[in-house]
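Pasted below: run_34.csv, CSV, C-alpha atoms and all ligand atoms.
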```csv
chain,number,residue,atom,x,y,z
A,1,MET,CA,-5.3,5.7,8.7
A,2,ARG,CA,-5.7,4.6,5.1
A,3,ARG,CA,-2.9,2.0,5.1
A,4,SER,CA,-3.2,-1.6,6.2
A,5,VAL,CA,-1.2,-2.2,9.4
A,6,ILE,CA,1.2,-5.2,9.4
A,7,LEU,CA,2.8,-6.2,12.7
A,8,THR,CA,6.0,-8.3,12.7
A,9,ALA,CA,5.4,-10.5,15.7
A,10,GLY,CA,8.4,-12.8,15.3
A,11,ASN,CA,11.8,-12.0,13.7
A,12,GLY,CA,12.8,-15.5,12.6
A,13,CYS,CA,11.2,-17.6,9.9
A,14,PHE,CA,10.8,-21.3,9.1
A,15,VAL,CA,11.5,-20.7,5.4
A,16,ALA,CA,14.0,-18.4,3.7
A,17,CYS,CA,12.7,-16.4,0.7
A,18,PRO,CA,15.3,-14.8,-1.5
A,19,GLY,CA,12.6,-12.4,-2.5
A,20,CYS,CA,11.6,-11.5,1.1
A,21,TYR,CA,10.3,-7.9,1.3
A,22,ASN,CA,11.0,-7.5,5.0
A,23,HIS,CA,13.4,-5.4,7.1
A,24,PHE,CA,14.3,-7.5,10.1
A,25,ALA,CA,15.1,-6.1,13.6
A,26,ARG,CA,17.6,-7.6,16.0
A,27,ASN,CA,15.4,-7.5,19.0
A,28,LEU,CA,11.8,-8.4,19.8
A,29,ILE,CA,9.8,-5.8,21.6
A,30,ASP,CA,7.5,-6.9,24.5
A,31,THR,CA,3.9,-7.7,24.1
A,32,GLU,CA,2.7,-5.1,26.6
A,33,THR,CA,4.4,-2.2,24.7
A,34,ILE,CA,2.9,-3.5,21.4
A,35,LEU,CA,-0.6,-3.6,22.8
A,36,ARG,CA,-0.4,-0.1,24.2
A,37,PHE,CA,0.6,1.2,20.8
A,38,ILE,CA,-1.9,-0.8,18.8
A,39,GLY,CA,-4.6,0.3,21.3
A,40,ARG,CA,-3.8,4.0,20.4
A,41,LEU,CA,-3.9,3.1,16.7
A,42,ARG,CA,-7.4,1.8,17.4
A,43,SER,CA,-8.6,4.6,19.6
A,44,ASP,CA,-6.9,7.7,18.0
A,45,LEU,CA,-6.6,6.7,14.3
A,46,GLY,CA,-9.6,4.3,13.9
A,47,VAL,CA,-7.6,1.3,12.9
A,48,ARG,CA,-10.0,-1.7,12.9
A,49,LYS,CA,-7.9,-4.5,11.4
A,50,ILE,CA,-4.4,-5.7,11.8
A,51,THR,CA,-2.3,-8.4,10.0
A,52,VAL,CA,0.0,-10.2,12.4
A,53,GLY,CA,3.0,-11.5,10.4
A,54,GLY,CA,6.7,-11.8,10.5
A,55,GLY,CA,9.3,-13.3,10.0
A,56,ASP,CA,6.9,-15.9,11.2
A,57,PRO,CA,4.6,-14.9,14.1
A,58,LEU,CA,4.6,-18.5,15.4
A,59,THR,CA,8.3,-18.0,16.3
A,60,ARG,CA,7.2,-15.6,19.0
A,61,PRO,CA,7.1,-17.5,22.3
A,62,ASP,CA,4.1,-15.6,23.6
A,63,ILE,CA,2.2,-15.4,20.3
A,64,VAL,CA,-1.1,-16.7,21.9
A,65,THR,CA,-0.9,-14.0,24.6
A,66,LEU,CA,-0.3,-11.3,21.9
A,67,LEU,CA,-3.3,-12.5,19.8
A,68,LYS,CA,-5.6,-12.6,22.8
A,69,GLY,CA,-4.5,-9.0,23.7
A,70,LEU,CA,-5.2,-7.8,20.2
A,71,ARG,CA,-8.6,-9.5,20.3
A,72,ALA,CA,-9.4,-7.7,23.6
A,73,LEU,CA,-8.8,-4.4,21.7
A,74,GLY,CA,-11.6,-5.3,19.4
A,75,LEU,CA,-9.6,-5.7,16.3
A,76,ARG,CA,-10.2,-7.9,13.3
A,77,ILE,CA,-7.1,-10.1,13.1
A,78,GLN,CA,-5.4,-11.8,10.2
A,79,LEU,CA,-2.5,-14.1,11.2
A,80,ASP,CA,-0.1,-14.6,8.3
A,81,THR,CA,2.1,-17.6,8.9
A,82,VAL,CA,3.9,-20.4,7.0
A,83,GLY,CA,2.2,-22.6,9.6
A,84,THR,CA,5.1,-25.0,10.2
A,85,ALA,CA,4.8,-24.7,14.0
A,86,PHE,CA,1.1,-25.7,13.9
A,87,LEU,CA,2.4,-29.2,12.8
A,88,GLY,CA,5.0,-29.6,15.6
A,89,ASP,CA,8.1,-28.1,17.1
A,90,ALA,CA,9.8,-26.3,14.2
A,91,ARG,CA,13.3,-25.3,13.3
A,92,ILE,CA,13.9,-21.6,12.7
A,93,ARG,CA,16.0,-21.4,9.5
A,94,PHE,CA,16.1,-17.7,8.6
A,95,MET,CA,17.0,-14.6,10.6
A,96,GLY,CA,17.3,-16.6,13.8
A,97,SER,CA,18.1,-20.1,15.1
A,98,GLY,CA,16.7,-22.7,17.5
A,99,THR,CA,13.3,-24.2,17.7
A,100,ALA,CA,9.9,-22.8,18.0
A,101,ARG,CA,7.6,-24.9,20.2
A,102,ARG,CA,4.4,-26.3,18.6
A,103,VAL,CA,1.5,-23.9,18.7
A,104,ASP,CA,-2.0,-25.3,19.2
A,105,ALA,CA,-3.9,-24.4,16.0
A,106,ALA,CA,-7.3,-24.9,17.8
A,107,HIS,CA,-6.2,-22.4,20.4
A,108,VAL,CA,-5.3,-19.8,17.8
A,109,ALA,CA,-8.2,-20.4,15.4
A,110,GLY,CA,-10.7,-19.0,17.9
A,111,ASP,CA,-8.8,-15.8,18.5
A,112,VAL,CA,-8.3,-14.7,14.9
A,113,ASP,CA,-10.6,-14.0,12.0
A,114,LEU,CA,-8.4,-15.5,9.3
A,115,ILE,CA,-5.2,-17.5,9.2
A,116,GLY,CA,-3.2,-16.7,6.0
A,117,ILE,CA,-1.1,-19.6,4.7
A,118,PRO,CA,1.3,-19.2,1.7
A,119,ILE,CA,1.0,-21.6,-1.2
A,120,ASP,CA,3.1,-20.6,-4.2
A,121,GLY,CA,3.1,-23.8,-6.2
A,122,ALA,CA,1.5,-27.2,-6.7
A,123,ASP,CA,4.8,-29.0,-6.4
A,124,ASP,CA,7.9,-28.7,-4.2
A,125,GLU,CA,10.0,-27.3,-7.0
A,126,SER,CA,7.8,-24.3,-7.6
A,127,ILE,CA,7.2,-23.8,-3.8
A,128,ARG,CA,11.0,-23.8,-3.2
A,129,ALA,CA,11.6,-21.5,-6.0
A,130,PHE,CA,10.4,-18.8,-3.7
A,131,ARG,CA,10.3,-20.3,-0.1
A,132,ARG,CA,13.4,-22.4,0.5
A,133,PHE,CA,12.6,-25.3,2.8
A,134,GLY,CA,8.8,-25.2,2.1
A,135,SER,CA,7.0,-28.2,0.8
A,136,VAL,CA,3.6,-29.1,-0.7
A,137,ALA,CA,3.2,-31.8,2.0
A,138,ASP,CA,3.7,-29.4,4.8
A,139,GLN,CA,1.4,-26.7,3.4
A,140,LEU,CA,-1.4,-29.2,2.7
A,141,ALA,CA,-0.9,-30.8,6.1
A,142,CYS,CA,-1.4,-27.3,7.6
A,143,LEU,CA,-4.6,-26.9,5.6
A,144,SER,CA,-5.9,-30.3,6.8
A,145,LEU,CA,-5.1,-29.4,10.4
A,146,LEU,CA,-6.7,-26.0,10.2
A,147,GLU,CA,-9.8,-27.5,8.5
A,148,ALA,CA,-10.1,-30.0,11.4
A,149,VAL,CA,-10.0,-27.3,14.0
A,150,GLY,CA,-12.6,-25.1,12.3
A,151,ALA,CA,-10.3,-22.3,11.3
A,152,ARG,CA,-11.1,-19.8,8.6
A,153,VAL,CA,-8.2,-19.8,6.1
A,154,GLY,CA,-6.9,-17.4,3.5
A,155,ILE,CA,-4.3,-18.5,0.9
A,156,ASN,CA,-1.5,-16.1,0.0
A,157,THR,CA,0.3,-16.7,-3.4
A,158,VAL,CA,3.2,-14.6,-4.5
A,159,VAL,CA,3.1,-14.7,-8.3
A,160,HIS,CA,6.5,-14.5,-9.9
A,161,ARG,CA,8.2,-15.4,-13.1
A,162,ARG,CA,8.9,-19.0,-12.0
A,163,ASN,CA,5.4,-20.0,-10.9
A,164,ALA,CA,3.2,-17.9,-13.1
A,165,ASP,CA,2.2,-20.7,-15.4
A,166,GLY,CA,1.1,-23.0,-12.5
A,167,LEU,CA,-1.7,-21.1,-10.9
A,168,THR,CA,-4.6,-23.3,-12.1
A,169,ARG,CA,-2.8,-26.3,-10.6
A,170,ILE,CA,-2.7,-24.5,-7.3
A,171,ALA,CA,-6.4,-23.8,-7.6
A,172,ASP,CA,-7.1,-27.5,-8.2
A,173,LYS,CA,-5.3,-28.4,-5.0
A,174,LEU,CA,-7.2,-25.7,-3.0
A,175,ALA,CA,-10.5,-27.0,-4.2
A,176,ASP,CA,-10.3,-29.9,-1.7
A,177,TYR,CA,-10.5,-27.6,1.4
A,178,SER,CA,-13.7,-26.0,2.6
A,179,CYS,CA,-11.9,-24.0,5.3
A,180,ILE,CA,-10.5,-21.7,2.5
A,181,ARG,CA,-12.5,-18.4,2.4
A,182,GLN,CA,-10.1,-16.2,0.5
A,183,TRP,CA,-7.3,-16.5,-2.1
A,184,GLN,CA,-5.0,-13.5,-2.6
A,185,LEU,CA,-2.6,-13.5,-5.5
A,186,PHE,CA,0.1,-10.9,-5.2
A,187,GLN,CA,2.4,-9.7,-8.0
A,188,PHE,CA,5.9,-10.2,-6.7
A,189,MET,CA,7.0,-6.8,-5.2
A,190,PRO,CA,10.7,-6.1,-5.6
A,191,SER,CA,11.2,-4.2,-2.4
A,192,GLY,CA,13.2,-4.5,0.8
A,193,PRO,CA,16.9,-5.6,1.0
A,194,LEU,CA,16.4,-9.1,-0.4
A,195,GLY,CA,13.4,-8.5,-2.7
A,196,SER,CA,15.1,-5.7,-4.5
A,197,ARG,CA,18.5,-7.4,-4.7
A,198,ASN,CA,17.0,-10.6,-6.1
A,199,ARG,CA,14.3,-9.0,-8.3
A,200,HIS,CA,15.7,-10.3,-11.6
A,201,GLU,CA,15.0,-13.9,-10.4
A,202,PHE,CA,11.3,-13.2,-9.7
A,203,GLU,CA,10.1,-10.0,-11.3
A,204,ILE,CA,7.0,-10.3,-13.4
A,205,GLY,CA,5.6,-7.4,-15.4
A,206,ALA,CA,2.0,-6.1,-15.0
A,207,ASP,CA,0.8,-7.6,-18.3
A,208,ASP,CA,2.3,-11.0,-17.6
A,209,PHE,CA,0.8,-10.9,-14.1
A,210,THR,CA,-2.7,-10.1,-15.5
A,211,ARG,CA,-2.3,-12.9,-18.1
A,212,ALA,CA,-1.2,-15.4,-15.5
A,213,THR,CA,-4.1,-14.7,-13.1
A,214,ASP,CA,-6.8,-14.4,-15.8
A,215,GLY,CA,-9.4,-17.0,-15.3
A,216,VAL,CA,-8.3,-18.3,-11.9
A,217,LYS,CA,-11.4,-16.9,-10.1
A,218,ILE,CA,-13.8,-19.3,-11.8
A,219,ARG,CA,-11.8,-22.3,-10.6
A,220,LEU,CA,-12.8,-21.7,-7.0
A,221,PRO,CA,-16.4,-20.7,-6.8
A,222,GLY,CA,-17.3,-19.8,-3.2
A,223,VAL,CA,-13.9,-18.5,-2.5
A,224,SER,CA,-13.2,-14.7,-2.5
A,225,VAL,CA,-10.3,-14.3,-5.0
A,226,SER,CA,-8.3,-11.1,-5.0
A,227,ILE,CA,-5.8,-10.2,-7.7
A,228,LYS,CA,-3.3,-7.7,-6.3
A,229,SER,CA,-0.9,-6.0,-8.6
A,230,ASN,CA,1.9,-3.8,-7.3
A,231,THR,CA,0.1,-0.7,-8.5
A,232,VAL,CA,-2.9,-1.7,-6.3
A,233,ARG,CA,-0.7,-2.4,-3.3
A,234,LYS,CA,1.6,0.6,-3.7
A,235,ASN,CA,1.7,2.9,-0.6
A,236,GLY,CA,-0.8,0.6,1.0
A,237,TYR,CA,1.0,-0.7,4.1
A,238,LEU,CA,2.3,0.6,7.4
A,239,LEU,CA,4.6,-1.9,9.0
A,240,ILE,CA,5.9,-2.4,12.5
A,241,ASP,CA,9.1,-4.4,12.7
A,242,GLY,CA,10.0,-6.8,15.5
A,243,GLY,CA,11.9,-4.2,17.4
A,244,GLY,CA,9.0,-1.7,17.3
A,245,THR,CA,10.1,0.6,14.5
A,246,VAL,CA,7.3,1.8,12.4
A,247,TRP,CA,8.1,2.1,8.6
A,248,THR,CA,6.7,2.2,5.1
A,249,PRO,CA,8.5,1.0,1.9
A,250,ARG,CA,10.0,4.0,0.1
A,251,GLN,CA,7.5,4.4,-2.9
A,252,ASP,CA,6.8,7.6,-4.8
A,253,SER,CA,3.5,9.4,-5.1
A,254,LYS,CA,2.8,8.4,-8.7
A,255,VAL,CA,-0.3,6.2,-9.1
A,256,ASP,CA,1.4,3.4,-11.1
A,257,TRP,CA,4.2,1.1,-9.8
A,258,ASN,CA,7.5,2.2,-11.5
A,259,ALA,CA,11.2,1.5,-11.4
A,260,SER,CA,11.9,4.0,-8.6
A,261,ASP,CA,9.7,1.9,-6.3
A,262,GLU,CA,12.1,-1.1,-6.7
A,263,THR,CA,14.2,-0.1,-3.7
A,264,ALA,CA,15.7,-1.6,-0.6
A,265,GLU,CA,15.0,1.6,1.3
A,266,ARG,CA,12.3,2.3,3.8
A,267,VAL,CA,10.9,5.4,5.4
A,268,ILE,CA,11.1,5.3,9.2
A,269,HIS,CA,8.3,7.1,11.0
A,270,GLY,CA,9.5,6.4,14.6
A,271,HIS,CA,9.3,3.9,17.4
A,272,ILE,CA,6.2,2.7,19.1
A,273,THR,CA,7.4,4.0,22.4
A,274,ASP,CA,7.5,7.6,21.0
A,275,GLU,CA,4.4,9.4,22.4
A,276,MET,CA,4.3,11.8,19.4
A,277,LEU,CA,4.3,9.0,16.8
A,278,ILE,CA,0.5,8.7,16.6
A,279,GLN,CA,0.3,12.4,15.6
A,280,ARG,CA,2.8,11.9,12.8
A,281,LEU,CA,0.8,8.9,11.5
A,282,ARG,CA,-2.4,10.8,11.1
A,283,CYS,CA,-1.5,11.6,7.5
A,284,CYS,CA,-0.5,8.0,6.6
B,1,LIG,S1,8.7,-13.4,2.8
B,1,LIG,FE1,9.4,-15.5,3.3
B,1,LIG,S2,11.3,-15.3,4.6
B,1,LIG,FE2,10.2,-13.3,4.5
B,1,LIG,S3,9.0,-13.4,6.3
B,1,LIG,FE3,7.6,-14.1,4.7
B,1,LIG,S4,7.9,-16.3,4.7
B,1,LIG,FE4,9.5,-15.5,5.9
```

I need this file expressed as structure tokens, please.
Amino acid sequence: MRRSVILTAGNGCFVACPGCYNHFARNLIDTETILRFIGRLRSDLGVRKITVGGGDPLTRPDIVTLLKGLRALGLRIQLDTVGTAFLGDARIRFMGSGTARRVDAAHVAGDVDLIGIPIDGADDESIRAFRRFGSVADQLACLSLLEAVGARVGINTVVHRRNADGLTRIADKLADYSCIRQWQLFQFMPSGPLGSRNRHEFEIGADDFTRATDGVKIRLPGVSVSIKSNTVRKNGYLLIDGGGTVWTPRQDSKVDWNASDETAERVIHGHITDEMLIQRLRCC
């Protein structure tokens, strides 16, 4: 398996991104079924690492049990979360409703290799340009909490046309936290139902992305900084939605990212309860 595996652990989210790349399911498949399938990805296809995301994974009521189960399979785990429910009970504002109970960050930190936290701006205006309801105060409070419990943290920044000139200011804020091991800067990818529909608000060309990210590496010595263009990420992911459907974004076989990749469509490979699915994924 050459693609990175991303598991949607929770359907709802604490923020609402108009550029969200995700396809959301209506149901949430049980943890035992997920673990059985991921165990086969590990044993039959040699998958060694999984990213647990969402929606937001902290909206899943048994997220701690799921993480422990994945750990028991011997996987390296990255947990990508906005982090709101680390700070206290948190309102689900997107693709769901209600309240997610607080998740003990200390509990989670020991079961995962890296906790990915999104920071897309150095002020509320630029954060909310992409993640409605997010705030600098919440994101920095998350970092302080994770630092206090000894977590290893990665920062995920979606670079788009409205925050591209503010990356050095983000770097200056991150410099205060020794828990940060990695900073990934992603060129906004106009895919999925929302991301492709709202692409004109966020789209940034490859040259502008390169210009915007040029020089950020030297601002954070000691942190592994990865600059990820859409061409680099194209055909790079295998996703499992909250209901257990396995899919990939519909992207063509050309090396470079191009206009035909900007689509709401996805390719569905099957459901995780399908015994033959592993065979079909061998070529992925
Ligand atoms: S892109 Fe935004 S709305 Fe979509 S799952 Fe991630 S944080 Fe939530």

With distances taken over all atoms listed in the file, which residue among A:Val136, A:Leu194, A:Val159, A:Ala122 lies nearest ligand LIG 1 (chain B)? A:Leu194

Output the neighbourhood of ligand LIG 1 (chain B) as an mmCIF file with C-alpha atoms, in the frame of the given file, that is, all protein and nucleic acid residues with some atom at most 8 Å from the ligand, counting all atoms listed in the file.
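Result file is part.cif:
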```cif
data_model
loop_
_atom_site.group_PDB
_atom_site.id
_atom_site.type_symbol
_atom_site.label_atom_id
_atom_site.label_comp_id
_atom_site.auth_asym_id
_atom_site.auth_seq_id
_atom_site.Cartn_x
_atom_site.Cartn_y
_atom_site.Cartn_z
ATOM 1 C CA GLY A 12 12.800 -15.500 12.600
ATOM 2 C CA CYS A 13 11.200 -17.600 9.900
ATOM 3 C CA PHE A 14 10.800 -21.300 9.100
ATOM 4 C CA VAL A 15 11.500 -20.700 5.400
ATOM 5 C CA ALA A 16 14.000 -18.400 3.700
ATOM 6 C CA CYS A 17 12.700 -16.400 0.700
ATOM 7 C CA PRO A 18 15.300 -14.800 -1.500
ATOM 8 C CA GLY A 19 12.600 -12.400 -2.500
ATOM 9 C CA CYS A 20 11.600 -11.500 1.100
ATOM 10 C CA TYR A 21 10.300 -7.900 1.300
ATOM 11 C CA ASN A 22 11.000 -7.500 5.000
ATOM 12 C CA GLY A 53 3.000 -11.500 10.400
ATOM 13 C CA GLY A 54 6.700 -11.800 10.500
ATOM 14 C CA GLY A 55 9.300 -13.300 10.000
ATOM 15 C CA ASP A 56 6.900 -15.900 11.200
ATOM 16 C CA THR A 81 2.100 -17.600 8.900
ATOM 17 C CA VAL A 82 3.900 -20.400 7.000
ATOM 18 C CA PHE A 94 16.100 -17.700 8.600
ATOM 19 C CA PRO A 118 1.300 -19.200 1.700
ATOM 20 C CA PHE A 130 10.400 -18.800 -3.700
ATOM 21 C CA ARG A 131 10.300 -20.300 -0.100
#
```

Give as a ChimeraX atom specification the set of residues within 7 Å of the point (-10.5, -8.3, 10.2), where distances use the file's coordinates and only C-alpha atoms. /A:49-50,75-78,113

Have a look at CA of Arg152 (chain A) and CA of Lys234 (chain A) and let me know their distance in Å, one decimal. 27.0 Å

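Distance check against Pro193 (chain A) using all atoms listed in the file: of A:Arg219, A:His23, A:Arg250, A:Lys228, the minimum falls on A:His23.
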
Give as a ChimeraX atom specification the set of residues within 9 Å of the point (16.3, 0.9, -5.9), where distances use the file's coordinates and only C-alpha atoms. /A:190-191,196-197,259-265

Given all atoms listed in the file as the counted atoms, nearest of A:Leu143, A:Ala164, A:Leu174, A:Ile155 to Ala212 (chain A): A:Ala164

Find the residues near Thr248 (chain A): any atom within 7 Å, counting only C-alpha atoms, skip ones fewer than 5 places away on the same chain, and give them as a PyMOL selection string. chain A and resi 237-239+266-268

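The residue that comes closest to Leu70 (chain A), out of A:Ala106, A:Ile92, A:Ile127, A:Val52 and on the basis of only C-alpha atoms, is A:Val52.
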
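CA of Asp89 (chain A) is found 20.2 Å from CA of Leu28 (chain A).
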
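What separates CA of Gly116 (chain A) from CA of Gly243 (chain A) is a distance of 22.7 Å.
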
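The smallest atom-to-atom distance between Arg42 (chain A) and any of A:Gly74, A:Gly83, A:Gly270, A:Gly236, using all atoms listed in the file, is found for A:Gly74.
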
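Take the candidates A:Ile119, A:Gln187, A:His269, A:Arg101 and check each one against Cys283 (chain A) using only C-alpha atoms; the shortest distance goes to A:His269.
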
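Summary of the local environment: counting all atoms listed in the file, residues at most 10 Å from Gly222 (chain A), other than itself and those fewer than 3 positions away along its chain, are Ala175, Ser178, Ile180, Arg181, Gln182, Lys217, Ile218, Arg219 and Val225 of chain A.
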
For Asp208 (chain A), please output as a PyMOL selection string all residues within 10 Å (counting all atoms listed in the file; exclusion window: fewer than 3 positions along the same chain). chain A and resi 160-161+164-165+187+204-205+211-214
